[in-house]
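Let me begin by presenting the structure, written as structure tokens, before commenting on it.
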Protein chains: 2
Amino acid sequence: MVNWEKAAQPAKAARAALSYEAITVAAIEVADTQGLDAVTMRKVAEHIGAGAMSLYRYVDSRDDLITLMVDRVSAEAIAPPPTGDWRADLTEAAHRIRQVTLRHPWLARHALNAEDFGPGTLAMTESTLALLDGHGLDTGDMLDAWRTLLAFVQGHAFAEARRHEARQRRADGSETGAPGPSFLDRAAESGEYPLSARALLEAVRHTDPRDAFDRRLGHVLDGLAQAFFERGRR
Amino acid sequence: MVNWEKAAQPAKAARAALSYEAITVAAIEVADTQGLDAVTMRKVAEHIGAGAMSLYRYVDSRDDLITLMVDRVSAEAIAPPPTGDWRADLTEAAHRIRQVTLRHPWLARHALNAEDFGPGTLAMTESTLALLDGHGLDTGDMLDAWRTLLAFVQGHAFAEARRHEARQRRADGSETGAPGPSFLDRAAESGEYPLSARALLEAVRHTDPRDAFDRRLGHVLDGLAQAFFERGRR
DNA sequence: TACTCGTCGCGTACGACGTACGCGACCTTG
DNA sequence: CAAGGTCGCGTACGTCGTACGCGACGAGTA
């Protein structure tokens, strides 16, 4: 497991050439440009001009390194302080989380669970909960509202991120000619799955992803409004 | 990429000892009991008494095998036919998806995106869309409602699944004594993160996960009701 | 100055992995 | 019985994570 205290300190000895910071940043860069599978100890080390085994002075294992990456990137999604308009605030927070997930698609497969939150993830959580504070919700309500919103935003953004990854893989893999019809294409033609097949294909082609996200986010916020924010509660 | 047509056919020659079916089932069993990382070509093959390279007669790569696993497991979440009560129907569908995700926690990291849906995933989608049909929604509305619900359910269930995985890893890893305080524990004591740290710790301890899921699902359904199902629409 | 000691970077090496290649055994068809 | 296709798999290669331990270096002490 990651030792967060040690990772936060700047350096034990001044002469240190490597650091948690440098290693994590390098790993994130590799992941963003070449995918998470390319984050091998050797490649990350090479990226900062070090030997592979040097990383183990700082990181216990590759999994630990990925945990550090996720936590650092989560801090990019810290929400601005509340303005008093809860709905606008939560919308902004949701969009930040979505943006970060699209910027770092590998995040989708490795988001943290509360049991190994680091400082970045915790700061992001704190900033989002602050948006809900002061509206008369108790702790349990705040947590419910937050988890409802986060589940939707992560679920939606993760699906978008996976779509990006798939598209990229397709582009990298076969530079030769048309991709050929997918199972979905043939299913649409066959007439089985009358509701889903055509709808899915059309959606992929004709929809602006950001608008779709916004619309669906609106429904979730409507639900939260009804439960927590409207006069004549419950 | 997976050739779904070939995978659906029973067998080319009657004398075949292996099959897509057997391989996929074996891989799922390994993943459920030992985690997805344990799904190696050698282990899966051994599990059905075959040689490692034999699997490649049926599967192009390990990634393809995982795609097959995901698609097969998705079929476990097919919703029953609509009863006319959209809210009860969607609640049931959501619970099925959650149950399947908890039964196969590795699913969380590898859910499919629409571009490589197979028959199982598509059947699950079709069954859920059928619950929305006949209530006056057009195709776009149905897709919006479905994606909103699915994003929430997957996001929430994935978080729960990750929590299970972490707990299990902790149990496997250190059979010696107490786990020691996590960063979250110390953060709660330190008084930074006043909103999140304590709330998160309490939530983990005192809440029945199923109740929490139900409550939050309710909020999402409220939002959908408001947008799509209530008289005096919009 | 000389000696001790902790920190740092990394070279070597091992076991496990995904999988390309191609062989022999078998079944089907003529 | 011959020809051709299908099936299972043994061998081998390149890459991965990482255990182990060595040499270089700087700070503290005498």
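Every chain in the structure tokens takes a letter, A first, then B, and so on in the order presented; its residues are numbered from 1, and the ligands are numbered from 1 following the presented order.
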
Legend entry - Surrounding residues of D:DC20 excluding itself and chain neighbours under 3 positions, 12 Å, only C-alpha atoms (C1' of nucleotides), as a PyMOL selection string: (chain A and resi 53) or (chain C and resi 10-14)

Those residues you just picked out, can you put them in a file as a PDB file, in the first residue's frame with N, CA and C atoms (P, O5', C5', C4', C3', O3' and C1' of nucleotides)?
ATOM      1  N   MET A  53      14.787  -0.238 -11.804  1.00  0.00           N
ATOM      2  CA  MET A  53      14.710  -0.587 -10.389  1.00  0.00           C
ATOM      3  C   MET A  53      14.773   0.626  -9.469  1.00  0.00           C
TER       4      MET A  53
ATOM      5  P    DC C  10      19.737   5.496 -12.108  1.00  0.00           P
ATOM      6  O5'  DC C  10      20.202   3.989 -11.998  1.00  0.00           O
ATOM      7  C5'  DC C  10      21.569   3.697 -11.851  1.00  0.00           C
ATOM      8  C4'  DC C  10      21.750   2.215 -11.698  1.00  0.00           C
ATOM      9  C3'  DC C  10      20.970   1.366 -12.712  1.00  0.00           C
ATOM     10  O3'  DC C  10      21.852   0.416 -13.240  1.00  0.00           O
ATOM     11  C1'  DC C  10      20.666   0.539 -10.566  1.00  0.00           C
ATOM     12  P    DG C  11      22.063   0.273 -14.765  1.00  0.00           P
ATOM     13  O5'  DG C  11      23.011  -1.011 -14.814  1.00  0.00           O
ATOM     14  C5'  DG C  11      24.027  -1.182 -13.810  1.00  0.00           C
ATOM     15  C4'  DG C  11      24.280  -2.652 -13.577  1.00  0.00           C
ATOM     16  C3'  DG C  11      23.886  -3.562 -14.742  1.00  0.00           C
ATOM     17  O3'  DG C  11      24.843  -4.621 -14.829  1.00  0.00           O
ATOM     18  C1'  DG C  11      22.600  -4.125 -12.812  1.00  0.00           C
ATOM     19  P    DT C  12      24.660  -5.797 -15.915  1.00  0.00           P
ATOM     20  O5'  DT C  12      24.028  -7.000 -15.078  1.00  0.00           O
ATOM     21  C5'  DT C  12      24.603  -7.344 -13.825  1.00  0.00           C
ATOM     22  C4'  DT C  12      23.825  -8.479 -13.183  1.00  0.00           C
ATOM     23  C3'  DT C  12      23.362  -9.574 -14.152  1.00  0.00           C
ATOM     24  O3'  DT C  12      23.673 -10.827 -13.594  1.00  0.00           O
ATOM     25  C1'  DT C  12      21.547  -8.827 -12.845  1.00  0.00           C
ATOM     26  P    DA C  13      23.420 -12.202 -14.416  1.00  0.00           P
ATOM     27  O5'  DA C  13      22.068 -12.699 -13.749  1.00  0.00           O
ATOM     28  C5'  DA C  13      21.952 -12.691 -12.331  1.00  0.00           C
ATOM     29  C4'  DA C  13      20.565 -13.189 -11.963  1.00  0.00           C
ATOM     30  C3'  DA C  13      20.047 -14.273 -12.909  1.00  0.00           C
ATOM     31  O3'  DA C  13      19.420 -15.284 -12.136  1.00  0.00           O
ATOM     32  C1'  DA C  13      18.507 -12.498 -12.816  1.00  0.00           C
ATOM     33  P    DC C  14      19.068 -16.705 -12.808  1.00  0.00           P
ATOM     34  O5'  DC C  14      17.573 -16.883 -12.322  1.00  0.00           O
ATOM     35  C5'  DC C  14      17.208 -16.428 -11.008  1.00  0.00           C
ATOM     36  C4'  DC C  14      15.702 -16.388 -10.912  1.00  0.00           C
ATOM     37  C3'  DC C  14      15.018 -17.440 -11.796  1.00  0.00           C
ATOM     38  O3'  DC C  14      13.953 -18.027 -11.093  1.00  0.00           O
ATOM     39  C1'  DC C  14      14.232 -15.297 -12.337  1.00  0.00           C
TER      40       DC C  14
END

Using only C-alpha atoms (C1' of nucleotides), find each residue in chain A having at least one atom no more than 8 Å away from chain D; report its shortest atom-to-atom pair and that distance in Å (one decimal), rows by chain then rising number, as JSON lines.
{"residue": "A:Thr40", "atom": "CA", "partner": "D:DC16", "partner_atom": "C1'", "distance": 7.7}
{"residue": "A:Met41", "atom": "CA", "partner": "D:DG17", "partner_atom": "C1'", "distance": 7.9}
{"residue": "A:Arg62", "atom": "CA", "partner": "D:DG17", "partner_atom": "C1'", "distance": 7.6}

Inset, instruction - Extract the full set of helix (DSSP H, G or I) residues from stretch 2-203 of chain B according to DSSP on the backbone, and format it as number ranges by chain. - result: B: 4-8, 20-34, 36-38, 41-47, 52-57, 62-77, 86-103, 105-109, 114-116, 119-132, 139-173, 183-190, 196-203

Could the residues in this selection be written to a file with C-alpha atoms, as a CSV table (one decimal), in the first residue's frame?
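Here's the written file again.csv:
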chain,number,residue,atom,x,y,z
B,4,TRP,CA,-19.6,-13.1,-32.5
B,5,GLU,CA,-21.2,-15.3,-35.2
B,6,LYS,CA,-18.6,-18.0,-34.9
B,7,ALA,CA,-18.8,-17.8,-31.1
B,8,ALA,CA,-22.5,-18.4,-31.2
B,20,TYR,CA,-16.3,-21.1,-26.8
B,21,GLU,CA,-18.8,-22.0,-24.1
B,22,ALA,CA,-16.4,-24.1,-22.1
B,23,ILE,CA,-13.5,-21.6,-22.4
B,24,THR,CA,-15.6,-18.6,-21.4
B,25,VAL,CA,-17.2,-20.4,-18.5
B,26,ALA,CA,-13.9,-21.5,-17.2
B,27,ALA,CA,-12.4,-18.1,-17.5
B,28,ILE,CA,-15.4,-16.6,-15.6
B,29,GLU,CA,-14.9,-19.1,-12.9
B,30,VAL,CA,-11.2,-18.3,-12.5
B,31,ALA,CA,-12.0,-14.6,-12.4
B,32,ASP,CA,-14.7,-15.0,-9.8
B,33,THR,CA,-12.6,-17.0,-7.5
B,34,GLN,CA,-9.1,-15.6,-8.0
B,36,LEU,CA,-9.2,-11.1,-13.2
B,37,ASP,CA,-5.4,-11.0,-13.0
B,38,ALA,CA,-5.5,-14.8,-12.5
B,41,MET,CA,-4.2,-18.3,-20.8
B,42,ARG,CA,-2.4,-21.1,-19.0
B,43,LYS,CA,-4.6,-21.1,-15.9
B,44,VAL,CA,-7.8,-21.0,-17.9
B,45,ALA,CA,-6.6,-23.9,-20.1
B,46,GLU,CA,-5.5,-25.9,-17.1
B,47,HIS,CA,-8.9,-25.4,-15.6
B,52,ALA,CA,-2.5,-23.1,-23.2
B,53,MET,CA,-2.2,-22.7,-26.9
B,54,SER,CA,-5.4,-24.6,-27.5
B,55,LEU,CA,-7.5,-21.6,-26.5
B,56,TYR,CA,-6.2,-19.7,-29.5
B,57,ARG,CA,-8.2,-21.9,-31.8
B,62,ARG,CA,-6.6,-12.6,-24.0
B,63,ASP,CA,-8.5,-9.3,-24.5
B,64,ASP,CA,-10.9,-11.1,-26.7
B,65,LEU,CA,-11.5,-13.7,-24.1
B,66,ILE,CA,-12.3,-11.0,-21.6
B,67,THR,CA,-14.8,-9.5,-24.0
B,68,LEU,CA,-16.5,-12.8,-24.3
B,69,MET,CA,-16.6,-13.1,-20.5
B,70,VAL,CA,-18.2,-9.7,-20.1
B,71,ASP,CA,-20.8,-10.3,-22.8
B,72,ARG,CA,-21.8,-13.7,-21.3
B,73,VAL,CA,-22.1,-12.3,-17.8
B,74,SER,CA,-24.1,-9.3,-19.1
B,75,ALA,CA,-26.8,-11.7,-20.2
B,76,GLU,CA,-27.3,-12.5,-16.5
B,77,ALA,CA,-28.7,-9.0,-16.1
B,86,TRP,CA,-42.3,1.6,-15.2
B,87,ARG,CA,-40.9,2.5,-11.9
B,88,ALA,CA,-41.1,-1.0,-10.4
B,89,ASP,CA,-39.7,-2.4,-13.7
B,90,LEU,CA,-36.7,-0.1,-13.7
B,91,THR,CA,-36.0,-0.7,-10.1
B,92,GLU,CA,-35.9,-4.4,-10.7
B,93,ALA,CA,-33.6,-4.0,-13.7
B,94,ALA,CA,-31.3,-1.8,-11.7
B,95,HIS,CA,-31.1,-4.3,-9.0
B,96,ARG,CA,-30.2,-7.1,-11.4
B,97,ILE,CA,-27.4,-5.1,-12.9
B,98,ARG,CA,-26.1,-4.3,-9.4
B,99,GLN,CA,-26.3,-8.0,-8.4
B,100,VAL,CA,-24.4,-9.2,-11.4
B,101,THR,CA,-21.7,-6.6,-10.8
B,102,LEU,CA,-21.3,-7.7,-7.2
B,103,ARG,CA,-21.3,-11.3,-8.2
B,105,PRO,CA,-16.6,-7.7,-9.4
B,106,TRP,CA,-14.1,-7.8,-12.3
B,107,LEU,CA,-16.9,-6.7,-14.5
B,108,ALA,CA,-16.5,-3.2,-13.1
B,109,ARG,CA,-13.3,-2.5,-14.9
B,114,ALA,CA,-21.6,0.2,-27.5
B,115,GLU,CA,-19.0,-0.3,-30.2
B,116,ASP,CA,-18.2,-3.9,-29.3
B,119,PRO,CA,-25.4,-10.7,-28.1
B,120,GLY,CA,-25.5,-10.8,-24.3
B,121,THR,CA,-24.9,-7.2,-23.7
B,122,LEU,CA,-27.3,-6.3,-26.5
B,123,ALA,CA,-30.0,-8.5,-25.1
B,124,MET,CA,-29.6,-6.9,-21.7
B,125,THR,CA,-29.9,-3.5,-23.3
B,126,GLU,CA,-33.0,-4.5,-25.4
B,127,SER,CA,-34.7,-5.9,-22.3
B,128,THR,CA,-34.1,-2.6,-20.4
B,129,LEU,CA,-35.3,-0.4,-23.2
B,130,ALA,CA,-38.4,-2.5,-23.5
B,131,LEU,CA,-39.3,-1.3,-20.0
B,132,LEU,CA,-39.4,2.2,-21.2
B,139,THR,CA,-36.3,7.0,-29.3
B,140,GLY,CA,-34.1,9.9,-28.1
B,141,ASP,CA,-35.9,10.2,-24.8
B,142,MET,CA,-35.7,6.5,-24.2
B,143,LEU,CA,-32.0,6.4,-24.8
B,144,ASP,CA,-31.5,9.4,-22.5
B,145,ALA,CA,-33.5,7.8,-19.7
B,146,TRP,CA,-31.7,4.5,-20.2
B,147,ARG,CA,-28.3,6.0,-20.2
B,148,THR,CA,-29.0,8.1,-17.2
B,149,LEU,CA,-30.1,5.1,-15.3
B,150,LEU,CA,-27.3,2.8,-16.5
B,151,ALA,CA,-24.7,5.4,-15.8
B,152,PHE,CA,-25.9,5.7,-12.2
B,153,VAL,CA,-26.3,2.0,-11.6
B,154,GLN,CA,-22.9,1.1,-13.1
B,155,GLY,CA,-21.1,3.9,-11.3
B,156,HIS,CA,-22.6,2.9,-8.0
B,157,ALA,CA,-22.2,-0.8,-8.4
B,158,PHE,CA,-18.7,-0.4,-9.7
B,159,ALA,CA,-17.8,1.6,-6.6
B,160,GLU,CA,-19.3,-1.2,-4.4
B,161,ALA,CA,-17.4,-3.8,-6.4
B,162,ARG,CA,-14.1,-2.0,-5.9
B,163,ARG,CA,-14.8,-1.9,-2.2
B,164,HIS,CA,-15.3,-5.6,-2.2
B,165,GLU,CA,-12.1,-6.2,-4.1
B,166,ALA,CA,-10.1,-4.0,-1.8
B,167,ARG,CA,-11.5,-5.7,1.3
B,168,GLN,CA,-10.6,-9.1,-0.1
B,169,ARG,CA,-7.2,-8.0,-1.1
B,170,ARG,CA,-6.6,-6.7,2.4
B,171,ALA,CA,-7.9,-10.0,3.9
B,172,ASP,CA,-5.6,-12.1,1.6
B,173,GLY,CA,-2.6,-9.9,2.0
B,183,PHE,CA,-4.7,7.9,5.2
B,184,LEU,CA,-8.4,8.4,5.6
B,185,ASP,CA,-8.3,7.5,9.3
B,186,ARG,CA,-5.5,9.9,10.0
B,187,ALA,CA,-7.2,12.6,7.9
B,188,ALA,CA,-10.3,12.3,10.0
B,189,GLU,CA,-8.3,12.7,13.2
B,190,SER,CA,-6.3,15.7,11.8
B,196,SER,CA,-15.6,14.3,4.0
B,197,ALA,CA,-13.3,12.3,6.2
B,198,ARG,CA,-15.6,11.5,9.1
B,199,ALA,CA,-18.6,11.2,6.9
B,200,LEU,CA,-16.9,8.6,4.7
B,201,LEU,CA,-15.7,6.6,7.6
B,202,GLU,CA,-19.1,6.5,9.2
B,203,ALA,CA,-20.8,5.6,6.0

Inset, instruction - Select residues of chain C: the criterion is any atom within 9 Å of an atom of chain B, counting only C-alpha atoms (C1' of nucleotides); output as a list in words. - result: DC17, DG18, DT19 and DC27 of chain C

Would you export the selected residues with C-alpha atoms (C1' of nucleotides) as a compact mmCIF listing (two decimals), in the first residue's frame, please?
# COMPACT_ATOMS: atom_id res chain seq x y z
C1' DC C 17 3.15 -13.94 -18.93
C1' DG C 18 1.02 -13.40 -24.09
C1' DT C 19 1.44 -15.52 -28.18
C1' DC C 27 -12.13 -36.97 -39.24

Legend entry - Interatomic distance (Å, one decimal) between atom CA of B:Pro82 and atom CA of B:Gly134: 9.8 Å
